[in-house]
Structure formats: structure tokens, C-alpha cells
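**Student:** For reference, the file final.txt (compact mmCIF, C-alpha atoms) is included below:
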```
# COMPACT_ATOMS: atom_id res chain seq x y z
CA MET U 751 -49.60 19.82 -13.60
CA SER U 752 -53.37 19.88 -13.12
CA ASP U 753 -55.40 17.03 -11.64
CA ALA U 754 -56.94 16.37 -15.06
CA ALA U 755 -53.49 15.71 -16.53
CA GLN U 756 -52.50 13.17 -13.87
CA PRO U 757 -52.10 9.59 -15.17
CA THR U 758 -54.61 7.00 -14.03
CA ALA U 759 -54.41 3.51 -12.62
CA ALA U 760 -55.68 2.25 -15.97
CA GLU U 761 -52.64 3.80 -17.68
CA VAL U 762 -50.38 2.02 -15.20
CA ARG U 763 -52.09 -1.27 -16.04
CA ALA U 764 -51.68 -0.59 -19.76
CA ALA U 765 -48.00 0.21 -19.24
CA VAL U 766 -47.32 -3.02 -17.40
CA GLU U 767 -49.04 -4.96 -20.19
CA ALA U 768 -46.74 -3.20 -22.65
CA VAL U 769 -43.76 -4.36 -20.58
CA LYS U 770 -45.01 -7.95 -20.75
CA VAL U 771 -45.33 -7.73 -24.53
CA ALA U 772 -41.85 -6.19 -24.80
CA LEU U 773 -40.42 -8.96 -22.62
CA ASP U 774 -41.90 -11.64 -24.89
CA ARG U 775 -40.56 -9.87 -27.99
CA HIS U 776 -37.12 -9.54 -26.45
CA LEU U 777 -36.98 -13.22 -25.51
CA ALA U 778 -38.16 -14.25 -28.96
CA ALA U 779 -35.49 -12.08 -30.58
CA VAL U 780 -32.79 -13.54 -28.34
CA GLU U 781 -33.92 -17.11 -29.08
CA GLN U 782 -33.81 -16.42 -32.83
CA ARG U 783 -30.70 -14.25 -32.92
CA SER U 784 -28.62 -14.55 -36.08
CA GLY U 785 -25.35 -13.46 -34.49
CA GLU U 786 -23.70 -11.57 -31.66
CA ASP U 787 -24.76 -8.16 -33.04
CA ASP U 788 -28.22 -9.10 -34.29
CA PRO U 789 -30.08 -5.79 -34.89
CA ALA U 790 -33.39 -7.44 -33.99
CA VAL U 791 -32.09 -8.18 -30.48
CA HIS U 792 -30.79 -4.64 -30.14
CA GLU U 793 -34.13 -3.19 -31.22
CA ALA U 794 -36.07 -5.48 -28.88
CA PHE U 795 -33.77 -4.46 -26.02
CA ASN U 796 -34.41 -0.77 -26.66
CA GLN U 797 -38.16 -1.35 -26.85
CA LEU U 798 -38.08 -3.24 -23.56
CA ALA U 799 -36.04 -0.50 -21.91
CA ALA U 800 -38.44 2.19 -23.16
CA ALA U 801 -41.52 0.26 -22.01
CA ALA U 802 -39.99 -0.39 -18.60
CA GLU U 803 -39.11 3.29 -18.18
CA VAL U 804 -42.68 4.38 -18.97
CA TYR U 805 -44.11 1.83 -16.54
CA ASP U 806 -41.69 2.82 -13.82
CA GLU U 807 -42.56 6.51 -14.15
CA LEU U 808 -46.32 5.87 -14.15
CA LEU U 809 -46.07 3.47 -11.24
CA TYR U 810 -44.25 6.07 -9.18
CA THR U 811 -46.60 8.91 -10.15
CA VAL U 812 -49.82 7.03 -9.45
CA HIS U 813 -48.84 4.63 -6.67
CA ASP U 814 -45.64 6.20 -5.23
CA GLU U 815 -43.81 2.93 -5.90
CA VAL U 816 -40.83 1.88 -8.03
CA THR U 817 -39.80 -1.31 -9.78
CA PRO U 818 -37.05 -3.49 -8.25
CA PHE U 819 -35.07 -3.63 -11.48
CA GLU U 820 -33.30 -1.34 -13.90
CA ILE U 821 -32.40 -1.94 -17.51
CA PRO U 822 -29.13 -0.07 -18.08
CA GLY U 823 -28.90 2.14 -21.15
CA VAL U 824 -25.31 3.37 -21.24
CA GLU U 825 -25.44 3.96 -24.99
CA GLU U 826 -28.22 6.50 -24.46
CA SER U 827 -26.58 8.18 -21.46
CA LEU U 828 -24.24 10.34 -23.55
CA PRO U 829 -25.17 12.90 -26.22
CA PRO U 830 -23.74 12.63 -29.75
CA TYR U 831 -20.03 13.38 -29.92
CA GLU U 832 -19.38 17.05 -30.73
CA GLY U 833 -15.63 17.24 -30.11
CA PRO U 834 -12.87 17.64 -32.69
CA ALA U 835 -12.38 14.85 -35.22
CA ASP U 836 -8.62 14.90 -34.56
CA PRO U 837 -8.14 16.01 -30.94
CA GLU U 838 -4.69 17.30 -30.02
CA ALA U 839 -5.01 15.98 -26.47
CA VAL U 840 -7.33 13.94 -24.29
CA SER U 841 -8.29 13.98 -20.62
CA VAL U 842 -9.05 10.75 -18.76
CA LEU U 843 -11.63 11.07 -15.97
CA ILE U 844 -12.00 8.15 -13.56
CA ARG U 845 -14.40 7.55 -10.69
CA ARG U 846 -14.30 4.45 -8.51
CA ASP U 847 -16.58 3.96 -5.51
CA TYR U 848 -15.74 1.75 -2.52
CA THR U 849 -17.53 0.68 0.64
CA VAL U 850 -15.46 0.35 3.81
CA THR U 851 -16.54 -3.17 4.80
CA ASP U 852 -13.79 -3.95 7.31
CA PRO U 853 -12.45 -0.86 9.16
CA GLN U 854 -10.08 -3.00 11.26
CA ARG U 855 -8.45 -4.47 8.16
CA LEU U 856 -8.25 -0.99 6.65
CA ARG U 857 -6.48 0.40 9.71
CA ALA U 858 -4.19 -2.63 9.89
CA SER U 859 -3.12 -2.07 6.28
CA ALA U 860 -2.38 1.56 7.04
CA ARG U 861 -0.50 0.58 10.21
CA ARG U 862 1.84 -1.60 8.14
CA ILE U 863 2.63 1.41 5.97
CA GLU U 864 3.47 3.45 9.08
CA GLU U 865 5.52 0.66 10.61
CA ALA U 866 7.59 0.46 7.42
CA ASP U 867 8.67 4.03 8.15
CA GLU U 868 8.95 3.46 11.90
CA ASP U 869 12.71 4.05 12.02
CA GLU U 870 12.36 7.47 10.44
CA ALA U 871 9.21 8.46 12.34
CA GLY U 872 10.42 7.23 15.72
CA GLY U 873 7.57 4.76 16.27
CA LEU U 874 3.79 5.12 16.23
CA GLY U 875 2.49 7.84 18.49
CA ASP U 876 -0.97 8.79 19.63
CA ASP U 877 -1.37 10.85 16.47
CA ALA U 878 -0.77 7.90 14.12
CA PHE U 879 -2.94 8.23 11.02
CA SER U 880 -3.82 4.52 11.11
CA ARG U 881 -5.84 4.98 14.30
CA THR U 882 -8.83 6.29 12.30
CA ALA U 883 -10.44 5.12 9.07
CA HIS U 884 -10.14 8.66 7.71
CA GLY U 885 -6.39 8.74 8.31
CA ALA U 886 -5.97 5.15 7.12
CA LEU U 887 -7.60 5.95 3.79
CA GLY U 888 -5.21 8.88 3.32
CA LEU U 889 -2.22 6.63 3.96
CA LEU U 890 -3.53 3.87 1.70
CA PHE U 891 -4.23 6.07 -1.30
CA GLY U 892 -1.00 7.96 -0.72
CA GLU U 893 1.06 4.77 -0.74
CA TYR U 894 -0.52 2.76 -3.56
CA GLU U 895 -1.55 3.56 -7.12
CA PRO U 896 -5.34 3.56 -7.68
CA ASP U 897 -5.09 0.52 -9.99
CA GLU U 898 -3.29 -1.47 -7.29
CA ILE U 899 -5.94 -0.57 -4.73
CA ALA U 900 -8.61 -1.67 -7.21
CA SER U 901 -6.93 -5.05 -7.65
CA ARG U 902 -6.34 -5.55 -3.90
CA HIS U 903 -9.42 -3.79 -2.47
CA ARG U 904 -10.59 -6.70 -0.30
CA GLU U 905 -7.15 -7.01 1.22
CA PHE U 906 -7.57 -3.43 2.41
CA GLY U 907 -11.06 -3.91 3.85
CA LEU U 908 -12.82 -2.30 0.92
CA GLU U 909 -15.54 -3.49 -1.45
CA GLU U 910 -15.81 -2.22 -5.00
CA GLY U 911 -18.89 -0.29 -6.10
CA ASP U 912 -19.59 1.26 -9.48
CA SER U 913 -16.77 2.72 -11.55
CA THR U 914 -16.54 4.68 -14.76
CA LEU U 915 -13.79 5.94 -17.05
CA TRP U 916 -14.30 8.74 -19.57
CA VAL U 917 -11.82 9.68 -22.28
CA THR U 918 -12.66 13.25 -23.33
CA ALA U 919 -11.26 15.24 -26.24
CA LEU U 920 -9.43 18.54 -25.70
CA ASP U 921 -8.88 21.30 -28.22
CA GLU U 922 -5.30 21.71 -27.00
CA PRO U 923 -3.12 20.38 -24.18
CA ALA U 924 -3.82 21.96 -20.82
CA GLU U 925 -1.18 24.15 -19.22
CA PRO U 926 0.56 22.61 -16.18
CA GLY U 927 -1.47 23.27 -13.05
CA ASP U 928 -4.26 24.92 -15.06
CA TRP U 929 -7.11 22.67 -13.89
CA LEU U 930 -5.85 21.32 -10.55
CA SER U 931 -8.19 23.54 -8.49
CA HIS U 932 -11.26 22.29 -10.40
CA PRO U 933 -10.30 18.95 -11.98
CA PHE U 934 -13.80 17.76 -12.99
CA GLU U 935 -15.47 21.08 -13.75
CA GLY U 936 -14.86 20.94 -17.48
CA ALA U 937 -16.21 17.42 -18.07
CA ASP U 938 -18.40 17.73 -21.18
CA PRO U 939 -20.39 14.58 -22.08
CA ALA U 940 -20.54 15.78 -25.70
CA ARG U 941 -16.74 15.49 -25.89
CA VAL U 942 -16.48 11.93 -24.59
CA VAL U 943 -14.51 9.87 -27.10
CA CYS U 944 -15.23 6.61 -25.29
CA ARG U 945 -16.58 5.51 -21.94
CA PHE U 946 -16.25 2.33 -19.87
CA ASP U 947 -18.59 1.51 -16.99
CA VAL U 948 -18.46 -1.26 -14.39
CA SER U 949 -21.57 -1.81 -12.28
CA ALA U 950 -23.48 -4.60 -10.58
CA VAL U 951 -26.46 -3.78 -12.81
CA PHE U 952 -24.54 -5.31 -15.73
CA ASP U 953 -23.65 -8.56 -13.94
CA ASP U 954 -25.37 -11.60 -15.40
CA ASP U 955 -23.56 -14.28 -13.38
CA PRO U 956 -24.08 -14.30 -9.58
CA ASP U 957 -21.02 -16.55 -9.29
CA ASP U 958 -18.77 -13.65 -10.33
CA ASP U 959 -18.51 -12.73 -6.64
CA LEU U 960 -15.83 -15.08 -5.34
CA GLY U 961 -16.51 -14.16 -1.71
```
In C-alpha cells, how does this file's structure come out?

**Tutor:**
Amino acid sequence: MSDAAQPTAAEVRAAVEAVKVALDRHLAAVEQRSGEDDPAVHEAFNQLAAAAEVYDELLYTVHDEVTPFEIPGVEESLPPYEGPADPEAVSVLIRRDYTVTDPQRLRASARRIEEADEDEAGGLGDDAFSRTAHGALGLLFGEYEPDEIASRHREFGLEEGDSTLWVTALDEPAEPGDWLSHPFEGADPARVVCRFDVSAVFDDDPDDDLG
């Protein structure tokens, strides 16, 4: 891009004014909403999201700075559905992120798994998996179902991050073992039947974190 095409500080100022106007319109629509699915609120939300995106891009281009907020737009994150109307099979893709907040608790949880098998293993040796966080994670996810870990994550020294679940349409059932070497390679956003996201960016109530 040439220097002549670069946005100016005046354009950044105009963009932030547009965000202010969009914020006022969004608040007014919310205050006057006619129901849970009021189209005026939906439209005002989309206008606010679009204005904020323009401002954020200009702010970064001109001033090398970003805004401290993000308006999520999950509905716009997927293309229109192009899969079969009556799929013969579906594939469920799940991603859950965790932060290891308490390595000692993580290793202690793994140690209890090893101790439960102590009679068969002959006790815990120097090569016990629970001695490292890497080995402890392997034991934990090998012992418990992912849903159980999600419900007990703090007990295991973990903290939940973002998660997403995609249900994607297939033309026909996959052959056993067909995709095991590349399980996520065929994920096509245009074939997503439905999607469910969990993220802190959607949280409205700071009291949701029970500590």
C-alpha cells in the first residue's frame, strides 16, 4: 500500500465518533426493546460491532495501538451452511483449553491414580509419571472422561479457558480408523450444522467466577 493510501489521524477520530454514535444507538435500542429477539437490538448490535472493528483497525494502522475490548460475533464467524440437507452422519469436534494453575495439585491428583494401582505396579518408582506435569496430564486424561475433567478442573489444578464444539455434517459414515492419523484435517466451516462456544468474552456477570 502506498503512503497516499494510508489512513490518517482524522479518519481515526471519525471512526471513534462513529463508535460513540453506535453505542448510543445500541443503548437506546436495548432500553426500548420489544422482546427478547427484538430485531432493532440485533441490528444495533451489528452496527456497533462493525463500527468498533473499523475503529480498531484504523487505530492499529495509524497509532500501532489496539482497543481493550472485543465485541464477539460468533454468528458471523462461520460461512453459510453448504452441507447436505439430510446428512447420513455427523462428526463432533471439541476443543477445550486449560491453564495449569496449580502444578502440585495436578501431580497430586495423578499420584492418587498411580497409588490406586500400586499393588499391580509394585509401588511408585523414580519413573512415576506423576513426578512431572507432563506425565501427570497424561495420567489424568487417560483416567477420566473429558467431561468429568471439565466439571472437576479446579480439583485437578486446572483453570478453564475457551472451549468450542462443532457438529459437522458428513456425506457418509467414516470407515473405522480412516481419520485417526489426521482427526481435525477435514473440518469444513461450511459444513457446521451447529456450534457452541464458551469464552470469557461472553461473560456479563463477574460474579460467575466462584473462586

**Student:** Neighbouring residues of stretch 851-859 of chain U were defined as those with any atom within 9 Å, considering all atoms listed in the file; residues of the same chain fewer than 4 positions away were excluded. Please report them as a compact mmCIF listing (two decimals) with C-alpha atoms, in the frame of the given file.

**Tutor:**
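Full text of part.txt as output:
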```
# COMPACT_ATOMS: atom_id res chain seq x y z
CA ILE U 863 2.63 1.41 5.97
CA PHE U 879 -2.94 8.23 11.02
CA SER U 880 -3.82 4.52 11.11
CA ARG U 881 -5.84 4.98 14.30
CA THR U 882 -8.83 6.29 12.30
CA ALA U 883 -10.44 5.12 9.07
CA GLY U 885 -6.39 8.74 8.31
CA ALA U 886 -5.97 5.15 7.12
CA LEU U 887 -7.60 5.95 3.79
CA LEU U 890 -3.53 3.87 1.70
CA ARG U 904 -10.59 -6.70 -0.30
CA GLU U 905 -7.15 -7.01 1.22
CA PHE U 906 -7.57 -3.43 2.41
CA GLY U 907 -11.06 -3.91 3.85
CA LEU U 908 -12.82 -2.30 0.92
CA GLU U 909 -15.54 -3.49 -1.45
```

**Student:** Suppose you want the space between atom CA of U:Thr914 and atom CA of U:Ala839; what is it in Å?

**Tutor:**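 Interatomic distance here is 19.9 Å.
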
**Student:** I want to know what sits within 7 Å of U:Glu838, based on all atoms listed in the file, with residues of the same chain fewer than 6 positions away left out; could you give that as a list in words?

**Tutor:** Leu920, Asp921, Glu922 and Pro923 of chain U

**Student:** Please produce a file of those selected residues containing C-alpha atoms, as an mmCIF file, in the frame of the given file.

**Tutor:**
```cif
data_model
loop_
_atom_site.group_PDB
_atom_site.id
_atom_site.type_symbol
_atom_site.label_atom_id
_atom_site.label_comp_id
_atom_site.auth_asym_id
_atom_site.auth_seq_id
_atom_site.Cartn_x
_atom_site.Cartn_y
_atom_site.Cartn_z
ATOM 1 C CA LEU U 920 -9.430 18.540 -25.700
ATOM 2 C CA ASP U 921 -8.880 21.300 -28.220
ATOM 3 C CA GLU U 922 -5.300 21.710 -27.000
ATOM 4 C CA PRO U 923 -3.120 20.380 -24.180
#
```

**Student:** From the options U:Ser913, U:Gln756, U:Ser949, U:Thr918, which residue's atoms come nearest to U:Ile844, counting all atoms listed in the file?

**Tutor:**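 The closest residue to U:Ile844 is U:Ser913.
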
**Student:** Just checking: using only C-alpha atoms, which residue out of U:Ala950, U:Ala860, U:Ala866, U:Ala768 ends up closest to U:Gly892?

**Tutor:**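 Checking each of U:Ala950, U:Ala860, U:Ala866, U:Ala768 against U:Gly892, counting only C-alpha atoms, the winner is U:Ala860.
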
**Student:** What is the distance between atom CA of U:Pro818 and atom CA of U:Glu803, in Å to one decimal?

**Tutor:**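 Going from atom CA of U:Pro818 over to atom CA of U:Glu803, I get 12.2 Å.
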
**Student:** Do you have the atom CA of U:Arg783-atom CA of U:Leu798 distance handy?

**Tutor:**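 Between these atoms lies a distance of 16.2 Å.
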